[in-house]
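So the structure is just underneath, and the comments pick up after that.
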Amino acid sequence: MNWQLFLLLHLYSLSAKKHSLRYFLTESSGVTNLPEFVAQLMVDDLLGGYCDSNRKIPKPRDWAVKMILEDPKQFEIYENECDRYQHKYRTQIKNLKEQFNQTEGIHIFQRIHGCEWDDETDKKTAFNQFGYDGEDFIALDPETMTWVAAKPQALITKRKWDNEIIYLEIKKLFNAEICPKRLRKYLQYIQKFHQRDVQPSVFLLQKTPSSPVSCHATGFYPKEAVMFWRKDGEKLHEEVEYMEILPNHDGTFQRSVDLKLSSVSPEEWSRYECVFQLPGVVEDIAIVLDTSVIRTNWVPPAEFPTGVVAGVVVVVLLLLASIMGYFIWKRPNKGFSRASSSDPSTSET
């Protein structure tokens, strides 16, 4: 696996057999306008908390807020961890720069650790990997509890970390018991969070009269919602395009399904409707294709504001006048010529 500054995350699914608790930690050097240290807690694809070197206090997100209120000790644990790792990884990246004989430039030290749990087989797996400057550096083998160097420069670190017996024992306990227990607990809070009475929104969108009509649904959960267009009660398989299901910031999802209108006459519009179905919900949401319910920002040419057009014409005329004045001012005694970019009269001092 190749490390990247921005790591790809697994998409969350209610019916997923495997769930994961992942901690992403990043220490950087030479990066301006960004915190040197950033840490994130993720359960499947849902962000639970965030902290960085600028914001000393961790910030819980969405489903984790209720957990912190009910169990303040969790917040205290992560507050201490955030502070501890900031100092620890600042030293670590400094040592790596010396080890790689680097004195300047941008350098990134990353760690991803946590566990996965299969809710059907109850199988648990753990991972603890480090990367440096976009490449694998070293990883802990959860079976042998020994470090595996990904490159020769990591052998020094391997020999040192293999001798940290107390850490390895603590990590072994974390992998087998603490991490899976946390994951199951966090999943319960996520389930409670999504049991709120939140209704999805479904509406029709269109850019221009000749564009496809997009049926857009947002704010639904779980991810396994069904959307489709139908004509006279029959599901359409042609002239439709299904967009990818995307996550919202609050853990819900959104999706669009486009209907191409090239072969649909206005008289037939009422025969088409978009249908949204959510698992566990008896009633479907159905919207009949009608111009009166379509949302659009398109403005017919006849209704385009004349003030804007007049303003644009004035600006263009002023610009042309300025350009003509510029060339006339540069006109020499013998003929007309454009000013050279090396003309000392226009160069900066």
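The way I read the labels, and the way they are meant: chains A, B, ... in the order of the structure tokens, residue 1 as the first residue of every chain, and ligand 1 as the first ligand shown, with later ones counted on from there.
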
Task: Near-Pro58 in chain A list (8 Å; only C-alpha atoms; drop same-chain fewer than 4 positions) as a ChimeraX atom specification - done: /A:49-52,75,78-79,82

Tell me, as a PDB file with N, CA, C and O atoms, in the first residue's frame, which residues lie within 9 Å of Glu273 in chain A, counting only C-alpha atoms; anything in the same chain fewer than 2 positions away does not count.
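result21.pdb, freshly written:
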ATOM      1  N   PHE A 228     -35.150   5.399  -8.672  1.00  0.00           N
ATOM      2  CA  PHE A 228     -35.268   5.092 -10.100  1.00  0.00           C
ATOM      3  C   PHE A 228     -36.359   5.960 -10.727  1.00  0.00           C
ATOM      4  O   PHE A 228     -37.200   6.544 -10.035  1.00  0.00           O
ATOM      5  N   TRP A 229     -36.315   6.034 -12.046  1.00  0.00           N
ATOM      6  CA  TRP A 229     -37.382   6.695 -12.831  1.00  0.00           C
ATOM      7  C   TRP A 229     -38.282   5.600 -13.407  1.00  0.00           C
ATOM      8  O   TRP A 229     -37.821   4.515 -13.763  1.00  0.00           O
ATOM      9  N   ARG A 230     -39.582   5.918 -13.480  1.00  0.00           N
ATOM     10  CA  ARG A 230     -40.483   4.974 -14.109  1.00  0.00           C
ATOM     11  C   ARG A 230     -41.490   5.710 -15.013  1.00  0.00           C
ATOM     12  O   ARG A 230     -41.773   6.889 -14.814  1.00  0.00           O
ATOM     13  N   LYS A 231     -41.981   4.963 -15.986  1.00  0.00           N
ATOM     14  CA  LYS A 231     -42.965   5.498 -16.941  1.00  0.00           C
ATOM     15  C   LYS A 231     -44.179   4.585 -16.925  1.00  0.00           C
ATOM     16  O   LYS A 231     -44.054   3.370 -17.120  1.00  0.00           O
ATOM     17  N   ASP A 232     -45.327   5.158 -16.678  1.00  0.00           N
ATOM     18  CA  ASP A 232     -46.565   4.380 -16.581  1.00  0.00           C
ATOM     19  C   ASP A 232     -46.434   3.225 -15.591  1.00  0.00           C
ATOM     20  O   ASP A 232     -46.947   2.116 -15.815  1.00  0.00           O
ATOM     21  N   GLY A 233     -45.688   3.470 -14.497  1.00  0.00           N
ATOM     22  CA  GLY A 233     -45.544   2.456 -13.459  1.00  0.00           C
ATOM     23  C   GLY A 233     -44.444   1.447 -13.698  1.00  0.00           C
ATOM     24  O   GLY A 233     -44.170   0.610 -12.834  1.00  0.00           O
ATOM     25  N   TRP A 269     -44.744  14.118 -20.300  1.00  0.00           N
ATOM     26  CA  TRP A 269     -44.050  14.321 -19.026  1.00  0.00           C
ATOM     27  C   TRP A 269     -44.808  13.725 -17.838  1.00  0.00           C
ATOM     28  O   TRP A 269     -44.215  13.135 -16.942  1.00  0.00           O
ATOM     29  N   SER A 270     -46.101  13.879 -17.819  1.00  0.00           N
ATOM     30  CA  SER A 270     -46.888  13.424 -16.666  1.00  0.00           C
ATOM     31  C   SER A 270     -46.880  11.909 -16.504  1.00  0.00           C
ATOM     32  O   SER A 270     -47.304  11.383 -15.468  1.00  0.00           O
ATOM     33  N   ARG A 271     -46.390  11.184 -17.517  1.00  0.00           N
ATOM     34  CA  ARG A 271     -46.314   9.726 -17.437  1.00  0.00           C
ATOM     35  C   ARG A 271     -45.049   9.257 -16.718  1.00  0.00           C
ATOM     36  O   ARG A 271     -44.906   8.076 -16.416  1.00  0.00           O
ATOM     37  N   VAL A 275     -38.958   7.818  -8.222  1.00  0.00           N
ATOM     38  CA  VAL A 275     -39.369   7.075  -7.034  1.00  0.00           C
ATOM     39  C   VAL A 275     -38.168   6.874  -6.115  1.00  0.00           C
ATOM     40  O   VAL A 275     -37.080   6.483  -6.565  1.00  0.00           O
ATOM     41  N   ALA A 286     -42.662   9.632  -4.319  1.00  0.00           N
ATOM     42  CA  ALA A 286     -42.761   9.685  -5.778  1.00  0.00           C
ATOM     43  C   ALA A 286     -43.062  11.115  -6.214  1.00  0.00           C
ATOM     44  O   ALA A 286     -43.945  11.769  -5.664  1.00  0.00           O
ATOM     45  N   ILE A 287     -42.287  11.587  -7.204  1.00  0.00           N
ATOM     46  CA  ILE A 287     -42.468  12.943  -7.730  1.00  0.00           C
ATOM     47  C   ILE A 287     -42.726  12.852  -9.229  1.00  0.00           C
ATOM     48  O   ILE A 287     -41.894  12.330  -9.986  1.00  0.00           O
ATOM     49  N   VAL A 288     -43.873  13.352  -9.645  1.00  0.00           N
ATOM     50  CA  VAL A 288     -44.239  13.339 -11.071  1.00  0.00           C
ATOM     51  C   VAL A 288     -43.435  14.412 -11.806  1.00  0.00           C
ATOM     52  O   VAL A 288     -43.235  15.519 -11.298  1.00  0.00           O
ATOM     53  N   LEU A 289     -42.973  14.083 -13.009  1.00  0.00           N
ATOM     54  CA  LEU A 289     -42.211  15.018 -13.826  1.00  0.00           C
ATOM     55  C   LEU A 289     -43.123  16.165 -14.272  1.00  0.00           C
ATOM     56  O   LEU A 289     -44.075  15.958 -15.038  1.00  0.00           O
ATOM     57  N   ASP A 290     -42.822  17.360 -13.770  1.00  0.00           N
ATOM     58  CA  ASP A 290     -43.656  18.526 -14.062  1.00  0.00           C
ATOM     59  C   ASP A 290     -42.780  19.769 -13.950  1.00  0.00           C
ATOM     60  O   ASP A 290     -41.993  19.899 -13.010  1.00  0.00           O
TER      61      ASP A 290
END

- [ ] Write out as a ChimeraX atom specification the residues lying within 9 Å of range 208-222 of chain A, counting only C-alpha atoms and excluding same-chain residues fewer than 5 positions away.
- [x] /A:13-15,194,198-203,227-229,240,248,250-262,274-276,278-279,287,289,294,296-299

- [ ] Pick out the residues sitting within 12 Å of Lys171 in chain A, and hand them over as a list in words; count only C-alpha atoms, and ignore anything fewer than 4 positions along from it in its own chain.
- [x] His113, Gly114, Cys115, Ala126, Phe127, Asn128, Leu140, Asp141, Pro142, Glu143, Met145, Thr146, Glu164, Ile165, Ile166, Tyr167, Asn175, Ala176, Glu177, Ile178 and Cys179 of chain A

Written file, previous selection with N, CA, C and O atoms, as a PDB file, in the first residue's frame:
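In the end it all went to result-v4.pdb:
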ATOM      1  N   HIS A 113      -3.679   3.455  12.640  1.00  0.00           N
ATOM      2  CA  HIS A 113      -3.775   2.253  13.461  1.00  0.00           C
ATOM      3  C   HIS A 113      -5.208   2.083  13.939  1.00  0.00           C
ATOM      4  O   HIS A 113      -6.006   3.023  13.935  1.00  0.00           O
ATOM      5  N   GLY A 114      -5.537   0.873  14.343  1.00  0.00           N
ATOM      6  CA  GLY A 114      -6.887   0.581  14.791  1.00  0.00           C
ATOM      7  C   GLY A 114      -7.206  -0.885  14.608  1.00  0.00           C
ATOM      8  O   GLY A 114      -6.320  -1.743  14.679  1.00  0.00           O
ATOM      9  N   CYS A 115      -8.496  -1.170  14.350  1.00  0.00           N
ATOM     10  CA  CYS A 115      -8.908  -2.561  14.235  1.00  0.00           C
ATOM     11  C   CYS A 115     -10.136  -2.688  13.352  1.00  0.00           C
ATOM     12  O   CYS A 115     -10.852  -1.717  13.111  1.00  0.00           O
ATOM     13  N   ALA A 126      -6.129  -6.353  13.552  1.00  0.00           N
ATOM     14  CA  ALA A 126      -5.564  -5.065  13.960  1.00  0.00           C
ATOM     15  C   ALA A 126      -4.514  -4.615  12.960  1.00  0.00           C
ATOM     16  O   ALA A 126      -3.965  -5.417  12.194  1.00  0.00           O
ATOM     17  N   PHE A 127      -4.244  -3.328  12.955  1.00  0.00           N
ATOM     18  CA  PHE A 127      -3.219  -2.777  12.059  1.00  0.00           C
ATOM     19  C   PHE A 127      -2.566  -1.583  12.739  1.00  0.00           C
ATOM     20  O   PHE A 127      -3.178  -0.869  13.526  1.00  0.00           O
ATOM     21  N   ASN A 128      -1.299  -1.380  12.419  1.00  0.00           N
ATOM     22  CA  ASN A 128      -0.518  -0.271  12.983  1.00  0.00           C
ATOM     23  C   ASN A 128       0.613   0.012  12.009  1.00  0.00           C
ATOM     24  O   ASN A 128       1.639  -0.673  11.998  1.00  0.00           O
ATOM     25  N   LEU A 140       3.640  -2.865  12.210  1.00  0.00           N
ATOM     26  CA  LEU A 140       3.664  -3.890  13.253  1.00  0.00           C
ATOM     27  C   LEU A 140       2.871  -5.105  12.792  1.00  0.00           C
ATOM     28  O   LEU A 140       1.696  -4.987  12.422  1.00  0.00           O
ATOM     29  N   ASP A 141       3.523  -6.275  12.800  1.00  0.00           N
ATOM     30  CA  ASP A 141       2.846  -7.523  12.475  1.00  0.00           C
ATOM     31  C   ASP A 141       2.011  -7.944  13.677  1.00  0.00           C
ATOM     32  O   ASP A 141       2.561  -8.260  14.735  1.00  0.00           O
ATOM     33  N   PRO A 142       0.657  -7.948  13.563  1.00  0.00           N
ATOM     34  CA  PRO A 142      -0.178  -8.244  14.726  1.00  0.00           C
ATOM     35  C   PRO A 142      -0.097  -9.695  15.194  1.00  0.00           C
ATOM     36  O   PRO A 142      -0.494 -10.001  16.325  1.00  0.00           O
ATOM     37  N   GLU A 143       0.412 -10.580  14.343  1.00  0.00           N
ATOM     38  CA  GLU A 143       0.525 -11.985  14.719  1.00  0.00           C
ATOM     39  C   GLU A 143       1.777 -12.234  15.549  1.00  0.00           C
ATOM     40  O   GLU A 143       1.735 -12.864  16.605  1.00  0.00           O
ATOM     41  N   MET A 145       3.810  -9.725  16.634  1.00  0.00           N
ATOM     42  CA  MET A 145       4.079  -8.531  17.442  1.00  0.00           C
ATOM     43  C   MET A 145       5.534  -8.090  17.290  1.00  0.00           C
ATOM     44  O   MET A 145       6.210  -7.718  18.250  1.00  0.00           O
ATOM     45  N   THR A 146       6.000  -8.124  16.041  1.00  0.00           N
ATOM     46  CA  THR A 146       7.331  -7.607  15.701  1.00  0.00           C
ATOM     47  C   THR A 146       7.172  -6.595  14.585  1.00  0.00           C
ATOM     48  O   THR A 146       6.214  -6.642  13.805  1.00  0.00           O
ATOM     49  N   GLU A 164      11.055  -2.502  22.797  1.00  0.00           N
ATOM     50  CA  GLU A 164      10.113  -1.832  23.696  1.00  0.00           C
ATOM     51  C   GLU A 164       9.031  -2.827  24.107  1.00  0.00           C
ATOM     52  O   GLU A 164       7.886  -2.787  23.632  1.00  0.00           O
ATOM     53  N   ILE A 165       9.392  -3.731  25.004  1.00  0.00           N
ATOM     54  CA  ILE A 165       8.542  -4.849  25.391  1.00  0.00           C
ATOM     55  C   ILE A 165       7.232  -4.387  26.029  1.00  0.00           C
ATOM     56  O   ILE A 165       6.156  -4.925  25.745  1.00  0.00           O
ATOM     57  N   ILE A 166       7.321  -3.392  26.900  1.00  0.00           N
ATOM     58  CA  ILE A 166       6.115  -2.919  27.593  1.00  0.00           C
ATOM     59  C   ILE A 166       5.104  -2.368  26.589  1.00  0.00           C
ATOM     60  O   ILE A 166       3.901  -2.659  26.669  1.00  0.00           O
ATOM     61  N   TYR A 167       5.588  -1.573  25.625  1.00  0.00           N
ATOM     62  CA  TYR A 167       4.689  -1.026  24.606  1.00  0.00           C
ATOM     63  C   TYR A 167       4.017  -2.143  23.823  1.00  0.00           C
ATOM     64  O   TYR A 167       2.811  -2.095  23.558  1.00  0.00           O
ATOM     65  N   ASN A 175      -5.094  -4.323  20.751  1.00  0.00           N
ATOM     66  CA  ASN A 175      -5.565  -4.994  19.539  1.00  0.00           C
ATOM     67  C   ASN A 175      -6.655  -6.018  19.838  1.00  0.00           C
ATOM     68  O   ASN A 175      -7.649  -6.116  19.113  1.00  0.00           O
ATOM     69  N   ALA A 176      -6.467  -6.790  20.887  1.00  0.00           N
ATOM     70  CA  ALA A 176      -7.361  -7.913  21.170  1.00  0.00           C
ATOM     71  C   ALA A 176      -8.630  -7.508  21.904  1.00  0.00           C
ATOM     72  O   ALA A 176      -9.689  -8.120  21.687  1.00  0.00           O
ATOM     73  N   GLU A 177      -8.557  -6.496  22.777  1.00  0.00           N
ATOM     74  CA  GLU A 177      -9.703  -6.196  23.636  1.00  0.00           C
ATOM     75  C   GLU A 177     -10.178  -4.731  23.560  1.00  0.00           C
ATOM     76  O   GLU A 177     -11.351  -4.463  23.309  1.00  0.00           O
ATOM     77  N   ILE A 178      -9.273  -3.807  23.791  1.00  0.00           N
ATOM     78  CA  ILE A 178      -9.676  -2.399  23.922  1.00  0.00           C
ATOM     79  C   ILE A 178     -10.263  -1.856  22.630  1.00  0.00           C
ATOM     80  O   ILE A 178     -11.344  -1.254  22.623  1.00  0.00           O
ATOM     81  N   CYS A 179      -9.565  -2.046  21.523  1.00  0.00           N
ATOM     82  CA  CYS A 179     -10.029  -1.494  20.249  1.00  0.00           C
ATOM     83  C   CYS A 179     -11.357  -2.096  19.796  1.00  0.00           C
ATOM     84  O   CYS A 179     -12.285  -1.353  19.459  1.00  0.00           O
TER      85      CYS A 179
END

- [ ] For each of A:Leu168, A:Pro266, A:Tyr23, A:Asp133, take the minimum atom-to-atom distance to Trp147 in chain A, counting only C-alpha atoms, then give the residue where this is smallest.
- [x]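 Going through A:Leu168, A:Pro266, A:Tyr23, A:Asp133 one by one, the smallest distance to Trp147 in chain A is for A:Leu168.
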
Task: Length of the CA of Leu21 in chain A to CA of Ala39 in chain A vector [Å] - done: 13.4 Å

Task: Members of range 28-260 of chain A assigned strand (DSSP E or B) by DSSP, as a PyMOL selection string - done: chain A and resi 28-29+37-43+46-52+59-60+107-118+124-132+135-141+146-149+201-205+213-220+226-231+234-235+240-242+246-247+253-259

Open item on the list: Based on the backbone DSSP call, show me all residues of range 24-260 of chain A assigned helix (DSSP H, G or I), as an NGL selection string.
Closed with: :A and (63-70 or 72-99 or 152-162 or 165-194)

Can I get the residues of range 48-128 of chain A within 12 Å of range 154-158 of chain A, each with the closest pair of atoms and their distance in Å to one decimal, using only C-alpha atoms, sorted chain first then ascending number, as CSV?
residue,atom,partner,partner_atom,distance
A:Gln92,CA,A:Thr157,CA,10.3
A:Asn95,CA,A:Thr157,CA,10.1
A:Leu96,CA,A:Ala154,CA,9.2
A:Gln99,CA,A:Ile156,CA,9.2
A:Phe100,CA,A:Ala154,CA,10.1

Those residues you just picked out, can you put them in a file as a PDB file, in the first residue's frame with N, CA and C atoms?
ATOM      1  N   GLN A  92       9.734  12.645  16.460  1.00  0.00           N
ATOM      2  CA  GLN A  92       9.909  11.553  15.514  1.00  0.00           C
ATOM      3  C   GLN A  92      10.274  12.068  14.120  1.00  0.00           C
ATOM      4  N   ASN A  95      13.834  13.305  14.043  1.00  0.00           N
ATOM      5  CA  ASN A  95      14.805  12.208  13.974  1.00  0.00           C
ATOM      6  C   ASN A  95      14.879  11.613  12.575  1.00  0.00           C
ATOM      7  N   LEU A  96      13.720  11.496  11.917  1.00  0.00           N
ATOM      8  CA  LEU A  96      13.712  10.935  10.569  1.00  0.00           C
ATOM      9  C   LEU A  96      14.414  11.853   9.576  1.00  0.00           C
ATOM     10  N   GLN A  99      17.955  11.232  10.008  1.00  0.00           N
ATOM     11  CA  GLN A  99      18.277   9.896   9.519  1.00  0.00           C
ATOM     12  C   GLN A  99      18.367   9.861   7.998  1.00  0.00           C
ATOM     13  N   PHE A 100      17.497  10.641   7.323  1.00  0.00           N
ATOM     14  CA  PHE A 100      17.498  10.706   5.865  1.00  0.00           C
ATOM     15  C   PHE A 100      18.377  11.847   5.343  1.00  0.00           C
TER      16      PHE A 100
END

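The space separating CA of Tyr89 in chain A from CA of Pro35 in chain A comes to 13.0 Å.
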